[in-house]
There are 2 protein chains.
Amino acid sequence: MSTERLVVIGGDAAGLSAAAQARRLRGASELEIVVLEQGPEISYSACGIPYWIGGLVEDRDQLLARTPADFAAQDVVVRTGTRAEGIDLAARQVVVGGERLGYDSLVVATGGKPFRPPIAGLDADGVHGVHRLADGADIRAAIAAGAKRAVVLGGGYIGLEMAEVLQTRGLEVTVVLADPLPMAQLDDDMGEKVCAAMCAMGIDVQSNQPVREIEVGVDGAVRAVRTDEGSYDTDLVVLGLGMGPETTLAREAGLALGTTGAVDVAHTQRSRSHPEVFAAGDCAQTFHRITGEAIHVALGTHANKQGRVAGSVIGGRPARFSGVLGTAMTKVGDVEVARTGLCTTQAEEGGYDYRTELIESSTRAGYYPRAAPIHVKLITERGSGLLLGAQIVGGPGSAKRIDVFATAIWAGMHAEELAGADLSYAPPFSPTYDPVVVAARVASRVETG
Amino acid sequence: MSTERLVVIGGDAAGLSAAAQARRLRGASELEIVVLEQGPEISYSACGIPYWIGGLVEDRDQLLARTPADFAAQDVVVRTGTRAEGIDLAARQVVVGGERLGYDSLVVATGGKPFRPPIAGLDADGVHGVHRLADGADIRAAIAAGAKRAVVLGGGYIGLEMAEVLQTRGLEVTVVLADPLPMAQLDDDMGEKVCAAMCAMGIDVQSNQPVREIEVGVDGAVRAVRTDEGSYDTDLVVLGLGMGPETTLAREAGLALGTTGAVDVAHTQRSRSHPEVFAAGDCAQTFHRITGEAIHVALGTHANKQGRVAGSVIGGRPARFSGVLGTAMTKVGDVEVARTGLCTTQAEEGGYDYRTELIESSTRAGYYPRAAPIHVKLITERGSGLLLGAQIVGGPGSAKRIDVFATAIWAGMHAEELAGADLSYAPPFSPTYDPVVVAARVASRVETG
């Protein structure tokens with residue numbers, strides 16, 4: 001005899017984590033759980049789509065972590081192909097298929113949507129996001145059908161990954177950037193290293209060129225991408241301009257949105273306007289661990305954790321989301337890129353009195369085979385040496401080192417403390433002083449003279 | 001006009017770091033610095049010797065980081081081939097070449113020495129340590145001369161590395177252990193995984209067999225290694241039984257030694273009996289960051305840092321060494337091994353009320369090529385969830401993750417805090433929840449229910 005019902009809108013990372021955690025804490029006799037997913041699948045890895053397109057993953061189903069049957073076994077009802085048409089906040093009902101499904105608790109996990117520039121031609125055949133599995137299937141089909149040239153719009157994580165995998169598949173790739181450099185989340189001096197690596201791979205990078213139009217042929221298919229400086233012939237356009245929150249349903253229902261345009265939630269993931277409603281994942285606003293400022297970050301790790309927080313609270317156990325540092329990583333060819341915390345621009349805007357140090361070291365002992373250069377940039381508070389941010393660009397083995405900085409920043413460590421920490425060393429894995437330690441030492445030496 | 005003289009005994013990591021740091025803080029007009037090194041070279045990477053033997057490094061000189069000329073350019077006099085014969089603590093003089101060299105400050109950095117079991121035959125031709133460059137040259141020569149079989153005594157870091165590289169060079173390798181398992185610094189369940197990996201590589205592991213004798217042929221060369229259970233024919237014996245402190249000079253002079261047999265020093269690296277004398281590196285006792293207990297750890301990272309502390313203090317700037325966690329790493333074939341903090345035995349001995357969690361995850365997203373299993377074991381304080389120790393055994397990309405735990409333990413974090421930290425994710429580098437986070441989550445869930 002269920003006495004309460006939890007409805008979850010969205011069957012991916014955030015929604016499913018919420019459902020699973022709520023079920024873990026409250027059995028089916030206490031809480032009925034219904035998940036509504038508009039698409040044909042649940043629980044797919046959007047981050048894996050570029051690698052499926054690149055042929056590193058051949059079987060689409062490998063990107064599916066869990067199935068509706070898995071959830072059915074836990075007494076969680078998952079309805080795929082079922083679009084929530086509206087939310088009646090006053091009546092506590094979701095409108096679905098013309099009917100009304102009542103809820104006691106609601107989790108809005110509607111995810112994100114790729115940014116689309118306001119230009120003509122964006123709906124032409126051959127223009128693709130990299131968001132849904134269907135996008136991946138479409139791009140794979142285009143390659144199989146003989147696409148020779150691709151233009152990637154944007155140089156963020158998706159842009160870089162798509163440029164890499166399309167080139168691997170034999171296409172000529174042009175990346176068109178509105179900004180001067182790829183990876184706007186990095187400082188310019190680090191972004192330049194990424195840009196140089198892309199160019200060295202033979203990727204054509206066209207900077208400072210907001211796209212003006214997608215030129216479409218008489219057959220309705222994309223033909224070229226036009227900017228103020230040129231027109232780039234192409235068979236395929238990929239949108240890599242970042243992800244915004246998908247909030248149509250929330251906004252129309254009257255849920256409060258935050259300054260970022262995402263659903264405004266407390267640290268418990270409760271809606272600030274309607275406490276029986278939770279939002280989690282790419283549709284929800286969150287906050288920066290260091291500055292406390294509201295931000296929007298679309299990333300599976302946060303989605304999972306926020307969903308779990310919502311599920312815990314619904315399940316009766318106190319829980320809070322602890323914020324994000326903006327940790328992120330990717331690779332393009334053999335060059336790995338990672339960042340965490342505040343970059344220079346963010347430190348500036350945040351009013352921090354900061355300094356930066358950039359060091360070059362080696363991924364392994366210098367004499368060990370395949371030792372590669374690694375560049376580490378640290379942003380610290382002037383005077384105290386408090387760690388504020390870090391950026392890494394380097395060869396294989398570089399990027400995961402960002403987790404040491406993320407952990408240190410999470411714990412509120414200062415450069416000098418990190419410089420003294422007992423980090424690991426063996427010639428196949430690092431120089432005697434790990435590049436992380438070298439950066440922390442240089443930053444602390446500036447403070448201690 | 002130098003008014004003071006610093007004498008450093010030992011021209012490797014600790015001694016040279018002390019000299020360089022003292023010089024950085026005090027110019028040649030204030031402080032004369034003389035480094036005495038008994039060997040022919042300074043500043044060599046002992047950790048690199050196995051890889052030189054393995055042929056991964058072909059040129060011996062690649063293992064030399066700095067030369068006497070580098071130091072001469074900084075007004076630091078380095079005398080190689082110069083053995084300090086005694087220290088007259090009362091007169092503040094070092095006896096060298098029959099003469100006496102006065103000092104105002106003295107840094108004892110005499111390093112370590114390989115443990116030698118008390119058995120017959122240890123001085124035979126074909127029995128080698130892996131400590132000096134000359135050891136490496138001797139083993140390379142033995143391989144070049146046609147050695148076919150090798151017995152490695154001991155299964156610590158050097159033992160594992162030597163077993164790997166000798167096998168790579170085509171030798172049949174037997175590892176003889178007094179203990180039941182290799183890597184005594186790991187818990188048994190993790191050591192078993194390392195042992196299985198070695199066996200799978202074709203390395204013959206003979207456990208629970210203290211060596212009784214090195215059998216020597218009539219030509220004076222090693223012929224076999226005998227234990228209570230068998231006799232293992234061999235052309236080559238490698239000592240991988242660990243390193244003790246080299247304290248002959250210090251002991252004879254009357255410097256106080258600690259409970260570990262190494263030179264007893266304060267956190268400033270000052271001798272506890274003679275404050276104008278410092279000791280640093282493999283000859284010095286140090287302390288465990290968590291338990292505060294005196295320990296001896298021979299490792300280049302600590303030697304560098306301790307030398308730097310001594311040099312700072314001598315240079316007039318306050319400095320303290322912050323202790324060790326026992327962080328260490330190595331690899332055998334494709335299997336990476338790392339540990340930090342307390343293992344179960346140490347937690348037990350330290351009187352901690354602890355619990356352990358062992359998880360298995362994947363080095364990359366499960367669908368990404370070359371994703372490999374990774375095992376993470378966490379030791380936490382029962383109730384509080386305070387992180388006490390971590391161990392990792394897994395495929396390529398596993399070991400360096402230990403630095404996240406080392407940093408978290410250094411900062412005094414609890415499992416739940418680490419579980420919430422914003423660590424990096426991208427499919428080529430980790431599953432959505434990094435194995436580090438998975439382990440911390442499991443450990444914190446035990447506490448929070």
# chains A, B, ... in the order shown; residues from 1 in each chain; ligands from 1

call {"tool": "interface_residues", "arguments": {"of": "chain B", "to": "chain A", "cutoff": "8 Å", "atoms": "only C-alpha atoms", "output": "JSON, numbers by chain"}}
result
{"B": [47, 48, 51, 56, 57, 62, 63, 300, 301, 302, 305, 321, 322, 323, 324, 325, 326, 327, 328, 329, 330, 338, 367, 368, 369, 397, 400, 401, 402, 403, 404, 406, 407, 408, 410, 411, 413, 418, 420, 421, 422, 423, 424, 425, 426, 427, 429, 432, 433]}

call {"tool": "select_by_dssp", "arguments": {"residues": "segment 87-123 of chain B", "states": "strand (DSSP E)", "output": "list in words"}}
result
Ile87, Asp88, Gln93, Val94, Val95, Val96, Glu99, Arg100, Leu101, Gly102, Ser105, Leu106, Val107, Val108, Gly112, Lys113 and Pro114 of chain B

call {"tool": "residues_around", "arguments": {"residues": "Leu101 of chain B", "least_positions_apart": "4", "cutoff": "10 Å", "atoms": "only C-alpha atoms", "output": "PDB file with all heavy atoms, in the first residue's frame"}}
result
ATOM      1  N   ARG B   5      81.727  27.925   7.720  1.00  0.00           N
ATOM      2  CA  ARG B   5      81.838  26.837   6.752  1.00  0.00           C
ATOM      3  C   ARG B   5      80.787  25.765   7.046  1.00  0.00           C
ATOM      4  O   ARG B   5      80.645  25.312   8.186  1.00  0.00           O
ATOM      5  CB  ARG B   5      83.236  26.221   6.786  1.00  0.00           C
ATOM      6  CG  ARG B   5      83.376  25.110   5.699  1.00  0.00           C
ATOM      7  CD  ARG B   5      84.698  24.364   5.797  1.00  0.00           C
ATOM      8  NE  ARG B   5      85.810  25.207   5.440  1.00  0.00           N
ATOM      9  CZ  ARG B   5      86.999  25.166   6.043  1.00  0.00           C
ATOM     10  NH1 ARG B   5      87.216  24.335   7.043  1.00  0.00           N
ATOM     11  NH2 ARG B   5      87.978  25.960   5.654  1.00  0.00           N
ATOM     12  N   VAL B   7      79.959  21.941   6.033  1.00  0.00           N
ATOM     13  CA  VAL B   7      80.466  20.726   5.401  1.00  0.00           C
ATOM     14  C   VAL B   7      79.314  19.741   5.258  1.00  0.00           C
ATOM     15  O   VAL B   7      78.517  19.566   6.194  1.00  0.00           O
ATOM     16  CB  VAL B   7      81.617  20.091   6.218  1.00  0.00           C
ATOM     17  CG1 VAL B   7      82.043  18.751   5.625  1.00  0.00           C
ATOM     18  CG2 VAL B   7      82.806  21.057   6.267  1.00  0.00           C
ATOM     19  N   VAL B  34      81.281  23.006   1.446  1.00  0.00           N
ATOM     20  CA  VAL B  34      82.100  21.920   0.914  1.00  0.00           C
ATOM     21  C   VAL B  34      81.312  20.623   1.021  1.00  0.00           C
ATOM     22  O   VAL B  34      80.839  20.266   2.107  1.00  0.00           O
ATOM     23  CB  VAL B  34      83.427  21.773   1.692  1.00  0.00           C
ATOM     24  CG1 VAL B  34      84.273  20.641   1.089  1.00  0.00           C
ATOM     25  CG2 VAL B  34      84.185  23.088   1.703  1.00  0.00           C
ATOM     26  N   ALA B  84      84.940  10.788   3.917  1.00  0.00           N
ATOM     27  CA  ALA B  84      85.074  11.317   5.275  1.00  0.00           C
ATOM     28  C   ALA B  84      85.391  10.138   6.179  1.00  0.00           C
ATOM     29  O   ALA B  84      84.636   9.168   6.234  1.00  0.00           O
ATOM     30  CB  ALA B  84      83.774  11.999   5.700  1.00  0.00           C
ATOM     31  N   ILE B  87      84.340  11.991  12.232  1.00  0.00           N
ATOM     32  CA  ILE B  87      83.830  13.302  12.634  1.00  0.00           C
ATOM     33  C   ILE B  87      84.271  13.532  14.085  1.00  0.00           C
ATOM     34  O   ILE B  87      84.025  12.684  14.954  1.00  0.00           O
ATOM     35  CB  ILE B  87      82.292  13.351  12.564  1.00  0.00           C
ATOM     36  CG1 ILE B  87      81.788  12.954  11.166  1.00  0.00           C
ATOM     37  CG2 ILE B  87      81.789  14.747  12.952  1.00  0.00           C
ATOM     38  CD1 ILE B  87      80.284  12.720  11.110  1.00  0.00           C
ATOM     39  N   ASP B  88      84.921  14.638  14.315  1.00  0.00           N
ATOM     40  CA  ASP B  88      85.295  15.016  15.674  1.00  0.00           C
ATOM     41  C   ASP B  88      84.283  16.054  16.133  1.00  0.00           C
ATOM     42  O   ASP B  88      84.393  17.245  15.823  1.00  0.00           O
ATOM     43  CB  ASP B  88      86.714  15.583  15.676  1.00  0.00           C
ATOM     44  CG  ASP B  88      87.188  15.926  17.092  1.00  0.00           C
ATOM     45  OD1 ASP B  88      86.331  16.113  18.000  1.00  0.00           O
ATOM     46  OD2 ASP B  88      88.416  16.007  17.284  1.00  0.00           O
ATOM     47  N   ARG B  92      84.524  19.989  16.184  1.00  0.00           N
ATOM     48  CA  ARG B  92      83.781  20.417  14.981  1.00  0.00           C
ATOM     49  C   ARG B  92      84.678  20.328  13.736  1.00  0.00           C
ATOM     50  O   ARG B  92      84.852  21.287  13.000  1.00  0.00           O
ATOM     51  CB  ARG B  92      83.218  21.827  15.159  1.00  0.00           C
ATOM     52  CG  ARG B  92      82.304  21.911  16.371  1.00  0.00           C
ATOM     53  CD  ARG B  92      81.422  23.125  16.391  1.00  0.00           C
ATOM     54  NE  ARG B  92      80.535  23.043  17.561  1.00  0.00           N
ATOM     55  CZ  ARG B  92      79.604  23.925  17.877  1.00  0.00           C
ATOM     56  NH1 ARG B  92      79.401  24.976  17.096  1.00  0.00           N
ATOM     57  NH2 ARG B  92      78.860  23.774  18.944  1.00  0.00           N
ATOM     58  N   GLN B  93      85.181  19.112  13.540  1.00  0.00           N
ATOM     59  CA  GLN B  93      86.049  18.866  12.391  1.00  0.00           C
ATOM     60  C   GLN B  93      85.701  17.515  11.759  1.00  0.00           C
ATOM     61  O   GLN B  93      85.355  16.568  12.468  1.00  0.00           O
ATOM     62  CB  GLN B  93      87.523  18.820  12.830  1.00  0.00           C
ATOM     63  CG  GLN B  93      88.045  20.160  13.305  1.00  0.00           C
ATOM     64  CD  GLN B  93      89.415  20.033  13.950  1.00  0.00           C
ATOM     65  OE1 GLN B  93      89.802  18.968  14.449  1.00  0.00           O
ATOM     66  NE2 GLN B  93      90.161  21.137  13.959  1.00  0.00           N
ATOM     67  N   VAL B  94      85.821  17.458  10.429  1.00  0.00           N
ATOM     68  CA  VAL B  94      85.686  16.197   9.712  1.00  0.00           C
ATOM     69  C   VAL B  94      87.091  15.748   9.315  1.00  0.00           C
ATOM     70  O   VAL B  94      87.885  16.560   8.820  1.00  0.00           O
ATOM     71  CB  VAL B  94      84.806  16.356   8.454  1.00  0.00           C
ATOM     72  CG1 VAL B  94      84.756  15.059   7.649  1.00  0.00           C
ATOM     73  CG2 VAL B  94      83.396  16.786   8.844  1.00  0.00           C
ATOM     74  N   VAL B  95      87.386  14.474   9.571  1.00  0.00           N
ATOM     75  CA  VAL B  95      88.691  13.937   9.187  1.00  0.00           C
ATOM     76  C   VAL B  95      88.577  13.393   7.763  1.00  0.00           C
ATOM     77  O   VAL B  95      87.724  12.545   7.481  1.00  0.00           O
ATOM     78  CB  VAL B  95      89.134  12.811  10.155  1.00  0.00           C
ATOM     79  CG1 VAL B  95      90.529  12.304   9.776  1.00  0.00           C
ATOM     80  CG2 VAL B  95      89.082  13.303  11.586  1.00  0.00           C
ATOM     81  N   VAL B  96      89.436  13.913   6.904  1.00  0.00           N
ATOM     82  CA  VAL B  96      89.346  13.507   5.500  1.00  0.00           C
ATOM     83  C   VAL B  96      90.770  13.522   4.916  1.00  0.00           C
ATOM     84  O   VAL B  96      91.483  14.521   5.017  1.00  0.00           O
ATOM     85  CB  VAL B  96      88.364  14.430   4.727  1.00  0.00           C
ATOM     86  CG1 VAL B  96      88.692  15.900   4.910  1.00  0.00           C
ATOM     87  CG2 VAL B  96      88.292  14.056   3.274  1.00  0.00           C
ATOM     88  N   GLY B  97      91.174  12.364   4.353  1.00  0.00           N
ATOM     89  CA  GLY B  97      92.520  12.239   3.800  1.00  0.00           C
ATOM     90  C   GLY B  97      93.588  12.509   4.851  1.00  0.00           C
ATOM     91  O   GLY B  97      94.642  13.069   4.550  1.00  0.00           O
TER      92      GLY B  97
END

call {"tool": "atom_distance", "arguments": {"atom1": "atom CA of Ile314 of chain B", "atom2": "atom CA of Arg79 of chain B"}}
result
20.5 Å

call {"tool": "select_by_dssp", "arguments": {"residues": "segment 196-338 of chain A", "states": "alpha helix (DSSP H)", "output": "count of residues only"}}
result
27

call {"tool": "atom_distance", "arguments": {"atom1": "atom CA of Gln206 of chain B", "atom2": "atom CA of Gly126 of chain B"}}
result
20.2 Å

call {"tool": "closest_atom_pairs", "arguments": {"of": "segment 322-395 of chain B", "to": "segment 171-187 of chain B", "cutoff": "7 Å", "atoms": "only C-alpha atoms", "output": "CSV"}}
result
residue,atom,partner,partner_atom,distance
B:Cys343,CA,B:Asp187,CA,6.2
B:Thr344,CA,B:Asp187,CA,6.3
B:Gln391,CA,B:Leu186,CA,6.9

call {"tool": "residues_around", "arguments": {"residues": "Gly55 of chain A", "least_positions_apart": "6", "cutoff": "10 Å", "atoms": "only C-alpha atoms", "output": "list of chain:residue names"}}
result
A:Ile49, A:Arg140, A:Val165, A:Leu166, A:Thr168, A:Arg169

call {"tool": "atom_distance", "arguments": {"atom1": "atom CA of Ser273 of chain B", "atom2": "atom CA of Leu257 of chain B"}}
result
8.9 Å

call {"tool": "closest_residue", "arguments": {"among": "A:Asp233, A:Asp135, A:Asp334, A:Asp12", "to": "Gly112 of chain A", "atoms": "only C-alpha atoms"}}
result
A:Asp12

call {"tool": "residues_around", "arguments": {"residues": "segment 260-272 of chain B", "least_positions_apart": "2", "cutoff": "6 Å", "atoms": "only C-alpha atoms", "output": "short mmCIF file (atom, residue, chain, number, x, y, z; two decimals) with all heavy atoms, in the first residue's frame"}}
result
data_model
loop_
_atom_site.label_atom_id
_atom_site.label_comp_id
_atom_site.auth_asym_id
_atom_site.auth_seq_id
_atom_site.Cartn_x
_atom_site.Cartn_y
_atom_site.Cartn_z
N PRO B 245 69.70 2.45 7.21
CA PRO B 245 70.50 3.68 7.24
C PRO B 245 71.99 3.39 7.31
O PRO B 245 72.42 2.48 8.02
CB PRO B 245 70.02 4.37 8.52
CG PRO B 245 69.56 3.24 9.41
CD PRO B 245 69.05 2.16 8.50
N ALA B 256 73.76 10.84 18.39
CA ALA B 256 72.68 9.99 18.90
C ALA B 256 71.90 9.35 17.76
O ALA B 256 71.52 10.03 16.80
CB ALA B 256 71.74 10.83 19.76
N LEU B 257 71.70 8.05 17.87
CA LEU B 257 70.85 7.34 16.91
C LEU B 257 69.48 7.12 17.55
O LEU B 257 69.36 7.07 18.78
CB LEU B 257 71.47 6.00 16.52
CG LEU B 257 72.90 6.06 15.93
CD1 LEU B 257 73.33 4.67 15.46
CD2 LEU B 257 72.99 7.05 14.78
N GLY B 258 68.47 6.99 16.73
CA GLY B 258 67.12 6.78 17.25
C GLY B 258 66.78 5.31 17.36
O GLY B 258 67.63 4.43 17.13
N HIS B 274 73.55 16.88 18.96
CA HIS B 274 74.51 17.91 18.57
C HIS B 274 73.83 18.88 17.60
O HIS B 274 73.83 18.64 16.39
CB HIS B 274 75.74 17.27 17.92
CG HIS B 274 76.52 16.41 18.86
ND1 HIS B 274 76.12 15.14 19.21
CD2 HIS B 274 77.66 16.67 19.57
CE1 HIS B 274 76.98 14.63 20.07
NE2 HIS B 274 77.93 15.54 20.31
N PRO B 275 73.29 19.97 18.10
CA PRO B 275 72.44 20.83 17.26
C PRO B 275 73.15 21.53 16.11
O PRO B 275 72.48 22.02 15.21
CB PRO B 275 71.86 21.84 18.26
CG PRO B 275 72.65 21.70 19.52
CD PRO B 275 73.30 20.37 19.52
N VAL B 277 74.88 19.89 14.12
CA VAL B 277 74.93 18.83 13.10
C VAL B 277 73.51 18.52 12.64
O VAL B 277 72.58 18.44 13.44
CB VAL B 277 75.59 17.55 13.67
CG1 VAL B 277 75.62 16.44 12.62
CG2 VAL B 277 76.99 17.86 14.19
N PHE B 278 73.35 18.34 11.35
CA PHE B 278 72.06 17.98 10.75
C PHE B 278 72.21 16.62 10.08
O PHE B 278 73.30 16.25 9.65
CB PHE B 278 71.66 19.01 9.70
CG PHE B 278 71.43 20.40 10.26
CD1 PHE B 278 72.51 21.20 10.64
CD2 PHE B 278 70.15 20.89 10.42
CE1 PHE B 278 72.30 22.47 11.16
CE2 PHE B 278 69.93 22.17 10.93
CZ PHE B 278 71.01 22.96 11.32
N ALA B 279 71.15 15.89 10.02
CA ALA B 279 71.16 14.67 9.22
C ALA B 279 69.91 14.68 8.36
O ALA B 279 68.85 15.17 8.78
CB ALA B 279 71.22 13.43 10.09
N CYS B 283 69.94 8.23 5.82
CA CYS B 283 70.66 7.94 7.08
C CYS B 283 69.91 8.48 8.30
O CYS B 283 70.30 8.21 9.43
CB CYS B 283 72.08 8.51 7.05
SG CYS B 283 72.13 10.32 7.10
N ALA B 284 68.85 9.27 8.07
CA ALA B 284 68.18 9.96 9.17
C ALA B 284 66.86 9.30 9.53
O ALA B 284 66.14 8.80 8.67
CB ALA B 284 67.94 11.42 8.79
N GLN B 285 66.56 9.34 10.80
CA GLN B 285 65.26 8.88 11.27
C GLN B 285 64.22 9.96 10.94
O GLN B 285 64.52 11.14 10.89
CB GLN B 285 65.34 8.66 12.77
CG GLN B 285 64.07 8.11 13.39
CD GLN B 285 64.32 7.60 14.82
OE1 GLN B 285 64.96 6.56 15.01
NE2 GLN B 285 63.86 8.33 15.80
N ALA B 310 67.12 21.21 6.09
CA ALA B 310 68.42 21.46 6.76
C ALA B 310 69.09 22.69 6.16
O ALA B 310 69.58 23.56 6.89
CB ALA B 310 69.32 20.22 6.62
N ARG B 320 60.67 23.24 8.77
CA ARG B 320 60.41 21.98 9.45
C ARG B 320 60.03 20.93 8.42
O ARG B 320 59.33 21.23 7.46
CB ARG B 320 59.21 22.12 10.41
CG ARG B 320 59.42 23.03 11.58
CD ARG B 320 58.08 23.35 12.25
NE ARG B 320 57.38 22.17 12.73
CZ ARG B 320 57.64 21.55 13.89
NH1 ARG B 320 58.55 22.04 14.70
NH2 ARG B 320 56.97 20.48 14.25
N PHE B 321 60.45 19.72 8.66
CA PHE B 321 59.96 18.60 7.84
C PHE B 321 58.61 18.16 8.41
O PHE B 321 58.43 18.14 9.63
CB PHE B 321 60.98 17.45 7.87
CG PHE B 321 60.61 16.32 6.95
CD1 PHE B 321 60.64 16.49 5.58
CD2 PHE B 321 60.22 15.09 7.47
CE1 PHE B 321 60.28 15.45 4.73
CE2 PHE B 321 59.86 14.04 6.63
CZ PHE B 321 59.90 14.22 5.26
#

call {"tool": "closest_residue", "arguments": {"among": "B:Leu160, B:Val218, B:Ala18, B:Met243", "to": "Asp204 of chain B", "atoms": "only C-alpha atoms"}}
result
B:Leu160
